[in-house]
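Visitor: For reference, this is protein.tsv, and it has TSV, C-alpha atoms.
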```tsv
chain	number	residue	atom	x	y	z
N	1	MET	CA	85.94	115.88	166.56
N	2	LYS	CA	89.22	115.28	164.76
N	3	ILE	CA	89.00	116.14	161.06
N	4	ALA	CA	91.79	115.45	158.57
N	5	THR	CA	92.65	115.87	154.93
N	6	TYR	CA	94.99	113.55	153.08
N	7	ASN	CA	95.92	113.49	149.41
N	8	ILE	CA	96.45	109.75	149.22
N	9	ASN	CA	97.91	109.71	145.67
N	10	GLY	CA	96.29	106.41	144.71
N	11	ILE	CA	94.09	104.79	147.32
N	12	ASN	CA	94.66	101.20	146.29
N	13	ALA	CA	98.42	101.60	145.94
N	14	ARG	CA	98.62	103.36	149.34
N	15	LEU	CA	95.94	101.38	151.16
N	16	PRO	CA	98.33	99.81	153.72
N	17	VAL	CA	99.64	103.29	154.57
N	18	LEU	CA	96.11	104.68	154.89
N	19	LEU	CA	94.91	101.83	157.11
N	20	ARG	CA	97.97	102.08	159.34
N	21	TRP	CA	97.52	105.83	159.76
N	22	LEU	CA	93.80	105.46	160.50
N	23	ALA	CA	94.55	102.81	163.12
N	24	GLU	CA	97.26	104.89	164.78
N	25	GLU	CA	95.61	108.33	164.72
N	26	SER	CA	91.90	107.46	164.68
N	27	PRO	CA	90.51	110.66	163.09
N	28	ASP	CA	86.74	111.02	163.21
N	29	VAL	CA	86.45	112.41	159.67
N	30	VAL	CA	88.93	112.11	156.80
N	31	CYS	CA	88.77	113.82	153.42
N	32	LEU	CA	90.83	112.06	150.76
N	33	GLN	CA	91.97	113.33	147.38
N	34	GLU	CA	93.56	111.76	144.30
N	35	LEU	CA	91.96	108.37	144.71
N	36	LYS	CA	93.06	107.50	141.16
N	37	SER	CA	90.47	104.77	141.15
N	38	PRO	CA	87.20	104.16	139.30
N	39	GLN	CA	84.08	104.14	141.44
N	40	GLU	CA	83.81	100.35	141.57
N	41	ARG	CA	87.39	99.82	142.79
N	42	PHE	CA	87.13	101.83	145.97
N	43	PRO	CA	88.26	99.58	148.88
N	44	LEU	CA	85.01	99.87	150.82
N	45	LYS	CA	85.29	96.61	152.75
N	46	GLU	CA	88.71	97.47	154.15
N	47	ILE	CA	87.45	100.91	155.18
N	48	THR	CA	84.25	99.68	156.82
N	49	ASP	CA	86.07	96.84	158.57
N	50	ILE	CA	87.96	99.39	160.67
N	51	GLY	CA	84.86	101.34	161.62
N	52	TYR	CA	84.36	104.03	158.97
N	53	HIS	CA	81.45	104.97	156.74
N	54	ALA	CA	82.48	106.20	153.30
N	55	VAL	CA	81.19	108.32	150.44
N	56	TRP	CA	83.37	108.61	147.37
N	57	HIS	CA	83.47	109.94	143.83
N	58	GLY	CA	85.99	107.99	141.79
N	59	GLN	CA	87.48	108.51	138.37
N	60	LYS	CA	89.63	106.15	136.34
N	61	SER	CA	93.37	106.93	136.59
N	62	TRP	CA	92.98	110.52	137.84
N	63	ASN	CA	91.42	112.71	140.51
N	64	GLY	CA	88.81	111.24	142.85
N	65	VAL	CA	87.68	112.36	146.31
N	66	ALA	CA	86.23	110.59	149.33
N	67	VAL	CA	84.99	111.28	152.83
N	68	LEU	CA	85.43	108.70	155.58
N	69	SER	CA	83.61	109.17	158.89
N	70	LYS	CA	82.91	107.39	162.14
N	71	TYR	CA	79.56	109.21	162.05
N	72	ASP	CA	76.77	108.88	159.52
N	73	ILE	CA	77.36	110.81	156.30
N	74	GLU	CA	74.66	112.65	154.39
N	75	GLU	CA	75.75	113.39	150.83
N	76	VAL	CA	74.84	116.86	149.57
N	77	SER	CA	76.60	117.03	146.21
N	78	ARG	CA	79.39	115.42	144.23
N	79	ALA	CA	79.81	118.32	141.84
N	80	LEU	CA	80.92	121.88	142.44
N	81	PRO	CA	78.10	124.10	141.11
N	82	GLY	CA	78.67	126.31	138.11
N	83	ASP	CA	79.70	124.02	135.25
N	84	SER	CA	77.45	121.10	134.32
N	85	GLU	CA	79.97	119.94	131.72
N	86	ASP	CA	82.84	119.50	134.19
N	87	VAL	CA	83.28	115.73	134.58
N	88	GLN	CA	86.41	115.76	136.73
N	89	SER	CA	85.80	114.23	140.17
N	90	ARG	CA	87.22	116.95	142.39
N	91	TYR	CA	84.46	117.89	144.83
N	92	LEU	CA	82.32	116.13	147.41
N	93	GLU	CA	80.02	117.99	149.79
N	94	VAL	CA	78.54	116.17	152.76
N	95	MET	CA	76.83	116.81	156.10
N	96	ILE	CA	78.31	115.20	159.22
N	97	GLN	CA	77.05	116.07	162.70
N	98	GLN	CA	75.26	119.17	161.36
N	99	VAL	CA	78.46	120.46	159.71
N	100	VAL	CA	78.85	121.01	155.96
N	101	ILE	CA	82.16	119.51	154.87
N	102	CYS	CA	83.40	120.35	151.38
N	103	CYS	CA	86.15	117.94	150.36
N	104	LEU	CA	87.99	119.36	147.38
N	105	TYR	CA	90.86	118.63	145.06
N	106	LEU	CA	91.54	121.91	143.34
N	107	PRO	CA	93.23	121.68	139.90
N	108	ASN	CA	97.01	121.93	139.80
N	109	GLY	CA	96.92	124.30	136.83
N	110	ASN	CA	100.38	123.71	135.40
N	111	PRO	CA	101.80	124.53	133.00
N	112	PHE	CA	101.28	128.26	133.25
N	113	PRO	CA	100.12	129.85	131.03
N	114	GLY	CA	97.73	127.49	129.31
N	115	PRO	CA	94.31	125.84	129.34
N	116	LYS	CA	95.00	123.94	132.57
N	117	PHE	CA	95.66	127.19	134.37
N	118	ASP	CA	92.53	128.74	132.85
N	119	TYR	CA	90.53	125.74	134.11
N	120	LYS	CA	92.03	126.23	137.57
N	121	LEU	CA	90.97	129.88	137.71
N	122	LYS	CA	87.42	129.00	136.62
N	123	TRP	CA	87.28	126.25	139.22
N	124	ILE	CA	88.40	128.69	141.92
N	125	GLU	CA	85.68	131.12	140.84
N	126	ARG	CA	83.08	128.40	141.25
N	127	LEU	CA	84.48	127.47	144.67
N	128	ALA	CA	84.43	131.12	145.77
N	129	LYS	CA	80.79	131.38	144.77
N	130	ARG	CA	79.87	128.25	146.73
N	131	ALA	CA	81.88	129.51	149.70
N	132	LYS	CA	79.91	132.79	149.66
N	133	THR	CA	76.65	130.85	149.58
N	134	LEU	CA	77.70	128.83	152.62
N	135	LEU	CA	78.63	131.99	154.49
N	136	SER	CA	75.27	133.56	153.66
N	137	MET	CA	73.54	130.45	155.05
N	138	ASP	CA	75.44	130.95	158.33
N	139	VAL	CA	75.96	127.21	158.76
N	140	PRO	CA	79.00	125.52	160.31
N	141	ALA	CA	81.11	124.70	157.26
N	142	ILE	CA	84.60	123.51	156.37
N	143	LEU	CA	86.46	123.84	153.08
N	144	ILE	CA	89.07	121.11	153.25
N	145	GLY	CA	91.46	119.36	150.91
N	146	ASP	CA	94.33	119.77	148.49
N	147	PHE	CA	93.92	123.35	147.26
N	148	ASN	CA	97.07	123.27	145.11
N	149	ILE	CA	97.67	126.82	146.35
N	150	ILE	CA	100.77	128.07	148.17
N	151	PRO	CA	99.22	131.03	150.03
N	152	THR	CA	102.36	132.95	151.02
N	153	GLU	CA	106.15	132.85	150.79
N	154	MET	CA	106.21	131.26	154.24
N	155	ASP	CA	104.43	128.25	152.73
N	156	THR	CA	107.27	127.21	150.44
N	157	TYR	CA	110.90	126.37	151.07
N	158	LYS	CA	112.02	128.38	148.03
N	159	PRO	CA	109.58	131.11	146.91
N	160	GLU	CA	111.73	132.24	143.98
N	161	LYS	CA	111.45	128.78	142.42
N	162	TYR	CA	107.66	129.04	142.19
N	163	VAL	CA	107.17	132.57	140.86
N	164	ASN	CA	105.53	131.36	137.64
N	165	ASP	CA	104.19	128.09	138.98
N	166	ALA	CA	100.40	127.71	138.88
N	167	LEU	CA	100.42	126.95	142.61
N	168	PHE	CA	102.00	130.30	143.44
N	169	ARG	CA	100.73	132.67	140.79
N	170	LYS	CA	99.35	135.94	142.11
N	171	GLU	CA	95.90	135.12	140.75
N	172	VAL	CA	95.51	132.02	142.93
N	173	LYS	CA	97.13	133.59	146.00
N	174	GLU	CA	94.75	136.52	145.72
N	175	ALA	CA	91.79	134.15	145.42
N	176	PHE	CA	92.87	132.31	148.57
N	177	SER	CA	93.38	135.60	150.39
N	178	GLN	CA	89.92	136.70	149.32
N	179	LEU	CA	88.38	133.66	150.99
N	180	LEU	CA	90.06	134.68	154.23
N	181	GLU	CA	88.95	138.29	153.87
N	182	GLU	CA	85.36	137.13	153.48
N	183	GLY	CA	85.50	135.31	156.80
N	184	TRP	CA	87.04	131.87	156.32
N	185	GLN	CA	89.83	130.97	158.73
N	186	ASP	CA	93.04	129.22	157.65
N	187	SER	CA	93.08	126.94	160.68
N	188	ILE	CA	96.63	125.59	160.31
N	189	ARG	CA	98.09	129.08	159.92
N	190	GLN	CA	95.97	130.19	162.87
N	191	LEU	CA	97.61	127.49	164.97
N	192	PHE	CA	101.12	128.04	163.57
N	193	PRO	CA	101.24	131.79	162.80
N	194	ASP	CA	105.01	132.15	162.60
N	195	GLN	CA	106.18	128.64	161.74
N	196	GLN	CA	107.05	127.11	158.40
N	197	VAL	CA	104.95	123.98	158.18
N	198	TYR	CA	104.58	121.90	155.03
N	199	THR	CA	102.09	119.29	153.84
N	200	PHE	CA	103.78	118.15	150.61
N	201	TRP	CA	107.28	117.03	149.69
N	202	ASP	CA	108.11	115.99	146.12
N	203	TYR	CA	109.43	112.49	145.43
N	204	PHE	CA	112.40	113.96	143.60
N	205	ARG	CA	115.72	115.41	144.76
N	206	GLN	CA	115.32	114.07	148.32
N	207	ALA	CA	112.80	116.79	149.05
N	208	TYR	CA	111.47	115.11	152.18
N	209	SER	CA	114.84	114.54	153.82
N	210	ARG	CA	115.82	118.15	152.97
N	211	ASN	CA	112.45	119.45	154.20
N	212	ALA	CA	112.01	121.13	150.82
N	213	GLY	CA	108.25	121.28	151.17
N	214	LEU	CA	105.09	123.19	150.35
N	215	ARG	CA	101.91	123.89	152.30
N	216	ILE	CA	99.10	123.25	149.84
N	217	ASP	CA	96.61	121.19	151.88
N	218	HIS	CA	94.29	123.48	153.82
N	219	ILE	CA	91.39	123.42	156.26
N	220	LEU	CA	89.27	126.58	156.17
N	221	LEU	CA	86.62	127.15	158.84
N	222	SER	CA	83.49	129.26	158.56
N	223	PRO	CA	83.00	131.95	161.23
N	224	SER	CA	80.48	130.00	163.30
N	225	ILE	CA	82.96	127.26	164.24
N	226	GLN	CA	86.25	129.15	164.40
N	227	ASP	CA	86.07	129.47	168.18
N	228	ARG	CA	85.81	125.69	168.43
N	229	LEU	CA	89.31	125.12	167.06
N	230	ILE	CA	91.40	123.42	169.75
N	231	GLU	CA	94.51	122.06	168.07
N	232	GLY	CA	95.87	120.74	164.80
N	233	GLY	CA	98.95	119.58	163.02
N	234	ILE	CA	100.58	117.74	160.17
N	235	ASP	CA	101.53	114.08	160.54
N	236	ARG	CA	104.84	114.69	158.82
N	237	ASP	CA	106.31	111.30	159.70
N	238	VAL	CA	103.69	109.53	157.56
N	239	ARG	CA	105.35	111.04	154.49
N	240	GLY	CA	108.46	109.05	155.39
N	241	TRP	CA	106.71	105.68	155.56
N	242	GLU	CA	107.46	103.13	152.86
N	243	LYS	CA	105.37	103.60	149.69
N	244	SER	CA	103.67	106.67	151.15
N	245	SER	CA	101.96	109.53	149.35
N	246	ASP	CA	103.97	112.68	148.65
N	247	HIS	CA	101.51	114.51	150.94
N	248	ALA	CA	101.17	114.17	154.71
N	249	PRO	CA	97.86	114.03	156.59
N	250	THR	CA	96.81	117.44	157.90
N	251	TRP	CA	94.32	117.65	160.74
N	252	ILE	CA	92.52	119.78	163.28
N	253	ARG	CA	90.47	119.05	166.37
N	254	LEU	CA	87.25	120.93	167.14
N	255	ARG	CA	85.18	121.08	170.27
N	256	ASN	CA	81.78	119.47	170.03
N	257	ILE	CA	80.09	120.90	166.94
N	258	SER	CA	76.67	119.36	167.23
N	259	LYS	CA	73.59	121.51	167.79
N	260	ASN	CA	73.68	120.54	171.43
N	261	GLY	CA	77.30	121.46	171.60
```
So that I can check it, write out the structure of this file as structure tokens.

Guide:
Amino acid sequence: MKIATYNINGINARLPVLLRWLAEESPDVVCLQELKSPQERFPLKEITDIGYHAVWHGQKSWNGVAVLSKYDIEEVSRALPGDSEDVQSRYLEVMIQQVVICCLYLPNGNPFPGPKFDYKLKWIERLAKRAKTLLSMDVPAILIGDFNIIPTEMDTYKPEKYVNDALFRKEVKEAFSQLLEEGWQDSIRQLFPDQQVYTFWDYFRQAYSRNAGLRIDHILLSPSIQDRLIEGGIDRDVRGWEKSSDHAPTWIRLRNISKNG
């Protein structure tokens, strides 16, 4: 099973890019973030026409997450537990082939300090609590999406530039590290332990051509499926396509993860 995450940065504006990438790479499951589309404007027909089921949680102008799959999708939740008043569409939990897949778009948090950063920390606390619950259930699970967290200095082209950025603050790096300490595996770093690999390049200052990037899109695996990790990568060239997102698709491939597997 090939599973990918892609911050699409506006699904309707980037639909030709998305459809081209899906046709060329044919992932089995795709988690999308930043749909920037209300629920009723999700391009379902175009998605189903190329062989994917879809579950999505839209929001006008901002946020929005979706899961596309060649397999049937069972929706579990479209809200991260812990705050019934949070109306931002940033989380979608589904079951596919007996695997819990948590598609997330973690808050950016800038500017630091401020209420947006406070919201980010609270959101991370809620995610950590859900992650602990999943571990206690001992089910195959994946936390996947745009975390808006630069885990280490290796994950940015210029660490000193981001010292007081909400993506690189010690509080969020420690929270990410805590997830790993509790048993989640950073699959991309597992596959590329000593290599600088990026998933995001800003639109400004020719960041892509200079490879001035960040690694902020992550795929974390629960212990029960870590030994099924075969390969993975970042489709960096997609970032260079015309009218593309400022993120690149990030993916892994797992051995059969069904109960009969």

Visitor: Any idea what's packed within 10 Å of N:Glu25, counting only C-alpha atoms, ignoring anything in its chain fewer than 3 positions away? Could you give it as a list of chain:residue names?

Guide: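 So, after excluding close chain neighbours, the residues are N:Lys2, N:Arg20, N:Trp21, N:Leu22, N:Asp28, N:Asp235.
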
Visitor: Keeping only C-alpha atoms, write the selected residues as a PDB file, keeping the file's coordinate frame.

Guide:
```pdb
ATOM      1  CA  LYS N   2      89.220 115.280 164.760  1.00  0.00           C
ATOM      2  CA  ARG N  20      97.970 102.080 159.340  1.00  0.00           C
ATOM      3  CA  TRP N  21      97.520 105.830 159.760  1.00  0.00           C
ATOM      4  CA  LEU N  22      93.800 105.460 160.500  1.00  0.00           C
ATOM      5  CA  ASP N  28      86.740 111.020 163.210  1.00  0.00           C
ATOM      6  CA  ASP N 235     101.530 114.080 160.540  1.00  0.00           C
TER       7      ASP N 235
END
```

Visitor: Which value, in Å to one decimal, gives the distance between atom CA of N:Lys161 and atom CA of N:Asp237?

Guide: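 Pair atom CA of N:Lys161 / atom CA of N:Asp237 returns 25.1 Å.
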
Visitor: Using all atoms listed in the file for the distances, tell me which of N:Asp165, N:Glu171, N:Asp202, N:Asp186 is nearest to N:Ser245.

Guide: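 Among the listed residues, the smallest separation from N:Ser245 belongs to N:Asp202.
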
Visitor: So that I can see what lies close to stretch 36-52 of chain N, please list as a PyMOL selection string the residues with an atom at most 8 Å from it, counting all atoms listed in the file and leaving out residues fewer than 4 positions away in the same chain.

Guide: chain N and resi 9-12+19+23+56-64+68-71

Visitor: Would you write out those residues with C-alpha atoms, as an mmCIF file, in the frame of the given file?

Guide:
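Okay, out-v2.cif is ready:
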```cif
data_model
loop_
_atom_site.group_PDB
_atom_site.id
_atom_site.type_symbol
_atom_site.label_atom_id
_atom_site.label_comp_id
_atom_site.auth_asym_id
_atom_site.auth_seq_id
_atom_site.Cartn_x
_atom_site.Cartn_y
_atom_site.Cartn_z
ATOM 1 C CA ASN N 9 97.910 109.710 145.670
ATOM 2 C CA GLY N 10 96.290 106.410 144.710
ATOM 3 C CA ILE N 11 94.090 104.790 147.320
ATOM 4 C CA ASN N 12 94.660 101.200 146.290
ATOM 5 C CA LEU N 19 94.910 101.830 157.110
ATOM 6 C CA ALA N 23 94.550 102.810 163.120
ATOM 7 C CA TRP N 56 83.370 108.610 147.370
ATOM 8 C CA HIS N 57 83.470 109.940 143.830
ATOM 9 C CA GLY N 58 85.990 107.990 141.790
ATOM 10 C CA GLN N 59 87.480 108.510 138.370
ATOM 11 C CA LYS N 60 89.630 106.150 136.340
ATOM 12 C CA SER N 61 93.370 106.930 136.590
ATOM 13 C CA TRP N 62 92.980 110.520 137.840
ATOM 14 C CA ASN N 63 91.420 112.710 140.510
ATOM 15 C CA GLY N 64 88.810 111.240 142.850
ATOM 16 C CA LEU N 68 85.430 108.700 155.580
ATOM 17 C CA SER N 69 83.610 109.170 158.890
ATOM 18 C CA LYS N 70 82.910 107.390 162.140
ATOM 19 C CA TYR N 71 79.560 109.210 162.050
#
```

Visitor: Of the residues N:Ile144, N:Ala207, N:Ile150, N:Ile225, which is the one nearest to N:Gln98, using all atoms listed in the file?

Guide: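 Of all the options, N:Ile225 lies closest to N:Gln98.
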
Visitor: Which neighbours of N:Glu153 fall inside 12 Å, counting all atoms listed in the file, when residues of the same chain fewer than 2 positions from it are skipped, and could you give them as a ChimeraX atom specification?

Guide: /N:149-151,155-163,167-170,173,194-198,213-216

Visitor: What separation in Å, quoted to one decimal, exists between atom CA of N:Ile96 and atom CA of N:Glu181?

Guide: 26.0 Å

Visitor: Using only C-alpha atoms, can you tell me which of N:Asp72, N:Glu125, N:Glu85, N:Asp146 comes closest to N:Gln178?

Guide: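 Using only C-alpha atoms, the shortest distance to N:Gln178 belongs to N:Glu125.
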
Visitor: So which residues fall inside 12 Å of (101.7, 129.7, 130.7) if we count all atoms listed in the file? Mind giving them as a list in words?

Guide: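 Within the cut-off we find Gly109, Asn110, Pro111, Phe112, Pro113, Gly114, Pro115, Lys116, Phe117, Asp118, Val163, Asn164, Asp165, Ala166 and Arg169 of chain N.
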
Visitor: Write out as CSV the residues of stretch 118-220 of chain N that have any atom within 6 Å of an atom of stretch 246-254 of chain N, one row each with the nearest atom pair and its distance in Å to one decimal, counting only C-alpha atoms, sorted by chain and then rising number.

Guide:
```
residue,atom,partner,partner_atom,distance
N:Thr199,CA,N:Ala248,CA,5.3
N:Phe200,CA,N:His247,CA,4.3
N:Trp201,CA,N:Asp246,CA,5.6
N:Asp202,CA,N:Asp246,CA,5.9
```

Visitor: Could those selected residues go to a file with C-alpha atoms, as a PDB file, keeping the file's coordinate frame?

Guide:
```
ATOM      1  CA  THR N 199     102.090 119.290 153.840  1.00  0.00           C
ATOM      2  CA  PHE N 200     103.780 118.150 150.610  1.00  0.00           C
ATOM      3  CA  TRP N 201     107.280 117.030 149.690  1.00  0.00           C
ATOM      4  CA  ASP N 202     108.110 115.990 146.120  1.00  0.00           C
TER       5      ASP N 202
END
```

Visitor: Pick from N:Asn256, N:Ile101, N:His218, N:Val67: nearest to N:Leu134, with all atoms listed in the file counted?

Guide: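 Under the stated criterion, the closest residue is N:Ile101.
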
Visitor: Just want the 12 Å neighbourhood of N:Val139, counted on only C-alpha atoms, with same-chain residues fewer than 3 positions away dropped. Output as a list in words.

Guide: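 Listed by chain and then number, they are Met95, Gln97, Gln98, Val99, Val100, Ile101, Ala131, Lys132, Thr133, Leu134, Leu135, Ser136, Ile142, Leu221, Ser222, Pro223, Ser224, Ile225, Gln226, Ile257, Ser258 and Lys259 of chain N.
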